[in-house]
Protein chains: 2
Amino acid sequence: MLATVGRRARNKADKQQRIFEAASELFTGLGYSAVTTQMIADRADVGTGTLFRYASSKGELLMMVMNERMRLDTREGIAAAASGTSPTEAIMALLAPQIHPLPDFPENTAVYQREILFGAEQGPYRTEALARISELEKAIGDILRRFASTPWVRPGVDLNGAARTTFSTLHMELIRVSIGREDPQTLTATLRSHVDVLLYGVLTQR
Amino acid sequence: MLATVGRRARNKADKQQRIFEAASELFTGLGYSAVTTQMIADRADVGTGTLFRYASSKGELLMMVMNERMRLDTREGIAAAASGTSPTEAIMALLAPQIHPLPDFPENTAVYQREILFGAEQGPYRTEALARISELEKAIGDILRRFASTPWVRPGVDLNGAARTTFSTLHMELIRVSIGREDPQTLTATLRSHVDVLLYGVLTQR
DNA sequence: ACAAATTACGGATTACGCTCCTAAATGATT
DNA sequence: AATCATTTAGGAGCGTAATCCGTAATTTGT
């Protein structure tokens with residue numbers, strides 16, 4: 001008994017680690033569709049059956065890898081948002097890390113978005129990604145509350161709803177860029193414009 | 001030669017028709033994932049090889065079927081939008097047919113959205129769906145211009161961009177409902193609220 | 001009317017994600 | 001130590017989307 005963590009737990013952690021590294025290297029090196037689950041299993045030196053008890057689908061394997069970066073980007077964004085000088089700029093600072101120059105294959109970003117939106121209900125890695133998104137949505141709400149103290153917020157406006165709309169736009173813009181329908185160069189400007197319109201509206205009066 | 005359209009063309013149209021009907025019946029009867037391409041081929045009485053020269057993937061087969069409805073819904077929405085009494089209501093009238101009570105399996109709607117967003121670049125049926133969306137975005141722009149004659153529109157606001165944001169929200173809400181993350185009952189109200197905020201903004205001043 | 005060229009057809013076959021089931025490893029019990 | 005129970009491993013096998021390529025049907029040319 002004693003203080004050992006148990007051989008079993010250690011083996012499990014080892015395998016988990018090997019699988020993570022194998023998946024990470026292969027996906028970022030070759031792109032999602034060029035990687036087969038067999039390759040990942042081989043490189044991690046586990047059987048295919050084993051692979052799928054550590055991640056329930058190929059998509060979850062990708063999320064496992066991508067979540068790592070998103071965790072850092074989220075932390076970074078939340079820190080940066082604190083020093084924004086206007087609501088628009090604070091939100092942009094929050095989201096900027098998420099729209100990083102799509103470092104690896106754009107395909108990976110596209111699949112990541114796809115899995116977040118359409119992936120299996122109870123996958124742990126998808127759940128983690130969704131939690132991160134909730135965190136960011138909450139941060140947007142906080143920014144709005146900070147800058148626009150109550151009298152500034154139009155009566156009847158649901159701030160959580162507004163945060164969600166902002167995120168809908170982010171999702172869609174990320175998708176448009178990652179599938180090649182939009183130039184990555186324009187992404188930041190486009191997003192800023194959308195955020196600005198959302199905050200101050202299209203029309204000046206009813 | 002004469003006035004014949006050519007036997008080949010006629011056969012082709014026949015097969016196309018049979019495939020459409022088979023796909024339509026099976027998808028709406030059983031839901032996307034319960035239908036195999038083999039079933040569609042059998043019911044349409046063609047070989048699997050043949051099936052895939054009329055639609056390049058299973059997803060395109062679904063789009064072929066769903067586009068039919070979307071074409072009607074779009075026409076209907078554009079007509080209805082003409083008699084909206086406020087910008088918000090006009091836009092809601094435009095979009096209402098698209099958020100129909102998800103008549104068949106919600107899964108079909110989810111896959112439809114997925115294919116529109118992530119499907120293969122040059123699929124003809126996806127292209128058609130995208131064209132329909134462009135049409136609706138343009139209609140939103142028209143509504144805004146109609147109701148909010150120039151002095152009303154905040155200077156510097158890109159109306160096409162605003163239309164796109166509206167659609168991002170629609171996409172995302174449709175997805176949320178179709179994968180079961182949101183109650184279909186609340187969809188209309190949620191969407192209206194989002195549109196309203198988009199039009200009049202979150203904040204009252206800069 | 002026949003031959004040559006082109007296009008369409010379809011099922012055997014493949015690739016791949018994922019499951020299933022046996023066997024092995026580990027931990028508990030006495 | 002020995003036995004039993006429980007958890008973990010892994011690879012053979014399965015289902016299915018999609019392709020490949022030999023064959024058949026149709027059109028065009030003479």
# chains A, B, ... in the order shown; residues from 1 in each chain; ligands from 1
$ interface_residues --of "chain A" --to "chain B" --cutoff "8 Å" --atoms "only C-alpha atoms" --output "NGL selection string"
:A and (110 or 114 or 117-118 or 148 or 152-154 or 157 or 159 or 161-162 or 165 or 168-169 or 172 or 175 or 179 or 194 or 197-206)
$ write_last_selection --atoms "C-alpha atoms" --output "PDB file, in the first residue's frame"
ATOM      1  CA  ALA A 110     -10.947  23.869 -38.904  1.00  0.00           C
ATOM      2  CA  ARG A 114     -15.785  21.401 -36.099  1.00  0.00           C
ATOM      3  CA  LEU A 117     -19.334  22.532 -32.419  1.00  0.00           C
ATOM      4  CA  PHE A 118     -20.408  19.065 -33.506  1.00  0.00           C
ATOM      5  CA  ALA A 148     -19.922  50.254 -18.971  1.00  0.00           C
ATOM      6  CA  TRP A 152     -24.286  52.974 -19.723  1.00  0.00           C
ATOM      7  CA  VAL A 153     -25.734  49.613 -20.557  1.00  0.00           C
ATOM      8  CA  ARG A 154     -28.918  49.907 -22.522  1.00  0.00           C
ATOM      9  CA  VAL A 157     -29.723  44.127 -22.829  1.00  0.00           C
ATOM     10  CA  LEU A 159     -24.864  40.861 -21.371  1.00  0.00           C
ATOM     11  CA  GLY A 161     -26.315  37.024 -24.691  1.00  0.00           C
ATOM     12  CA  ALA A 162     -24.063  39.714 -26.093  1.00  0.00           C
ATOM     13  CA  THR A 165     -23.012  36.719 -30.004  1.00  0.00           C
ATOM     14  CA  SER A 168     -20.560  33.205 -32.499  1.00  0.00           C
ATOM     15  CA  THR A 169     -18.762  35.732 -34.628  1.00  0.00           C
ATOM     16  CA  MET A 172     -17.493  31.796 -37.682  1.00  0.00           C
ATOM     17  CA  ILE A 175     -13.909  28.862 -39.573  1.00  0.00           C
ATOM     18  CA  ILE A 179     -11.144  26.710 -44.533  1.00  0.00           C
ATOM     19  CA  HIS A 194     -17.863  43.259 -35.761  1.00  0.00           C
ATOM     20  CA  VAL A 197     -20.826  47.258 -34.259  1.00  0.00           C
ATOM     21  CA  LEU A 198     -22.125  44.840 -31.685  1.00  0.00           C
ATOM     22  CA  LEU A 199     -21.250  47.220 -28.864  1.00  0.00           C
ATOM     23  CA  TYR A 200     -22.603  50.421 -30.350  1.00  0.00           C
ATOM     24  CA  GLY A 201     -25.212  49.103 -32.710  1.00  0.00           C
ATOM     25  CA  VAL A 202     -26.015  49.547 -36.340  1.00  0.00           C
ATOM     26  CA  LEU A 203     -28.650  52.220 -35.923  1.00  0.00           C
ATOM     27  CA  THR A 204     -28.707  55.477 -34.022  1.00  0.00           C
ATOM     28  CA  GLN A 205     -32.334  55.369 -33.003  1.00  0.00           C
ATOM     29  CA  ARG A 206     -35.362  53.157 -33.086  1.00  0.00           C
TER      30      ARG A 206
END
$ closest_atom_pairs --of "chain B" --to "chain D" --cutoff "10 Å" --atoms "only C-alpha atoms (C1' of nucleotides)" --output "JSON lines"
{"residue": "B:Met1", "atom": "CA", "partner": "D:DT27", "partner_atom": "C1'", "distance": 9.8}
{"residue": "B:Gly6", "atom": "CA", "partner": "D:DT26", "partner_atom": "C1'", "distance": 9.1}
{"residue": "B:Arg7", "atom": "CA", "partner": "D:DT26", "partner_atom": "C1'", "distance": 7.9}
{"residue": "B:Arg8", "atom": "CA", "partner": "D:DT26", "partner_atom": "C1'", "distance": 6.9}
{"residue": "B:Thr36", "atom": "CA", "partner": "D:DT16", "partner_atom": "C1'", "distance": 7.3}
{"residue": "B:Thr37", "atom": "CA", "partner": "D:DA17", "partner_atom": "C1'", "distance": 7.4}
{"residue": "B:Gln38", "atom": "CA", "partner": "D:DT16", "partner_atom": "C1'", "distance": 8.7}
{"residue": "B:Thr48", "atom": "CA", "partner": "D:DA18", "partner_atom": "C1'", "distance": 8.9}
{"residue": "B:Gly49", "atom": "CA", "partner": "D:DT19", "partner_atom": "C1'", "distance": 8.0}
{"residue": "B:Phe52", "atom": "CA", "partner": "D:DA18", "partner_atom": "C1'", "distance": 7.8}
{"residue": "B:Ser56", "atom": "CA", "partner": "D:DA18", "partner_atom": "C1'", "distance": 8.7}
{"residue": "B:Ser57", "atom": "CA", "partner": "D:DA18", "partner_atom": "C1'", "distance": 7.7}
{"residue": "B:Lys58", "atom": "CA", "partner": "D:DA17", "partner_atom": "C1'", "distance": 7.6}
$ write_last_selection --atoms "N, CA and C atoms" --output "mmCIF file, in the first residue's frame"
data_model
loop_
_atom_site.group_PDB
_atom_site.id
_atom_site.type_symbol
_atom_site.label_atom_id
_atom_site.label_comp_id
_atom_site.auth_asym_id
_atom_site.auth_seq_id
_atom_site.Cartn_x
_atom_site.Cartn_y
_atom_site.Cartn_z
ATOM 1 N N MET B 1 -30.443 12.481 -85.143
ATOM 2 C CA MET B 1 -30.226 13.616 -84.250
ATOM 3 C C MET B 1 -31.558 14.226 -83.794
ATOM 4 N N GLY B 6 -31.491 13.523 -76.365
ATOM 5 C CA GLY B 6 -30.459 12.504 -76.222
ATOM 6 C C GLY B 6 -30.821 11.519 -75.134
ATOM 7 N N ARG B 7 -30.707 10.261 -75.464
ATOM 8 C CA ARG B 7 -31.067 9.221 -74.504
ATOM 9 C C ARG B 7 -30.235 9.358 -73.233
ATOM 10 N N ARG B 8 -28.975 9.669 -73.444
ATOM 11 C CA ARG B 8 -28.059 9.759 -72.315
ATOM 12 C C ARG B 8 -28.536 10.800 -71.302
ATOM 13 N N THR B 36 -27.169 4.291 -44.830
ATOM 14 C CA THR B 36 -25.885 4.028 -45.481
ATOM 15 C C THR B 36 -26.000 4.376 -46.967
ATOM 16 N N THR B 37 -24.871 4.698 -47.555
ATOM 17 C CA THR B 37 -24.891 5.032 -48.980
ATOM 18 C C THR B 37 -25.354 3.822 -49.784
ATOM 19 N N GLN B 38 -25.059 2.655 -49.269
ATOM 20 C CA GLN B 38 -25.506 1.429 -49.918
ATOM 21 C C GLN B 38 -27.035 1.397 -50.020
ATOM 22 N N THR B 48 -23.123 1.537 -56.352
ATOM 23 C CA THR B 48 -22.526 2.544 -55.469
ATOM 24 C C THR B 48 -21.602 3.458 -56.267
ATOM 25 N N GLY B 49 -20.909 2.869 -57.220
ATOM 26 C CA GLY B 49 -20.034 3.680 -58.066
ATOM 27 C C GLY B 49 -20.814 4.785 -58.750
ATOM 28 N N PHE B 52 -21.935 7.829 -56.535
ATOM 29 C CA PHE B 52 -20.934 8.846 -56.219
ATOM 30 C C PHE B 52 -20.498 9.669 -57.419
ATOM 31 N N SER B 56 -20.751 13.766 -54.650
ATOM 32 C CA SER B 56 -19.391 13.312 -54.378
ATOM 33 C C SER B 56 -19.178 12.796 -52.963
ATOM 34 N N SER B 57 -20.178 12.906 -52.124
ATOM 35 C CA SER B 57 -20.055 12.364 -50.776
ATOM 36 C C SER B 57 -21.437 12.193 -50.160
ATOM 37 N N LYS B 58 -21.472 11.485 -49.068
ATOM 38 C CA LYS B 58 -22.737 11.303 -48.363
ATOM 39 C C LYS B 58 -23.289 12.657 -47.923
#
$ interface_residues --of "chain C" --to "chain B" --cutoff "12 Å" --atoms "only C-alpha atoms (C1' of nucleotides)" --output "list in words"
DT7, DA8, DC9, DG10, DG11, DA12 and DT13 of chain C
$ select_by_dssp --residues "stretch 130-182 of chain A" --states "helix (DSSP H, G or I)" --output "VMD selection string"
chain A and resid 130 to 147 150 to 152 159 to 178
$ residues_around --residues "A:Gly123" --least-positions-apart "5" --cutoff "10 Å" --atoms "only C-alpha atoms (C1' of nucleotides)" --output "MDAnalysis selection string"
chainID A and resid 55:57 59:60 63 128
$ atom_distance --atom1 "atom CA of B:Ile91" --atom2 "atom CA of B:Glu135"
13.3 Å
$ atom_distance --atom1 "atom CA of B:Ser83" --atom2 "atom CA of B:Asp183"
28.3 Å
$ residues_around --residues "A:Glu25" --least-positions-apart "4" --cutoff "10 Å" --atoms "only C-alpha atoms (C1' of nucleotides)" --output "PyMOL selection string"
chain A and resi 19-21+29-31+40+43+65
$ atom_distance --atom1 "atom CA of A:Ala13" --atom2 "atom CA of A:Asp45"
13.9 Å
$ closest_residue --among "A:Leu187, A:Ile78, A:Leu61, A:Leu72" --to "A:Leu95" --atoms "only C-alpha atoms"
A:Ile78
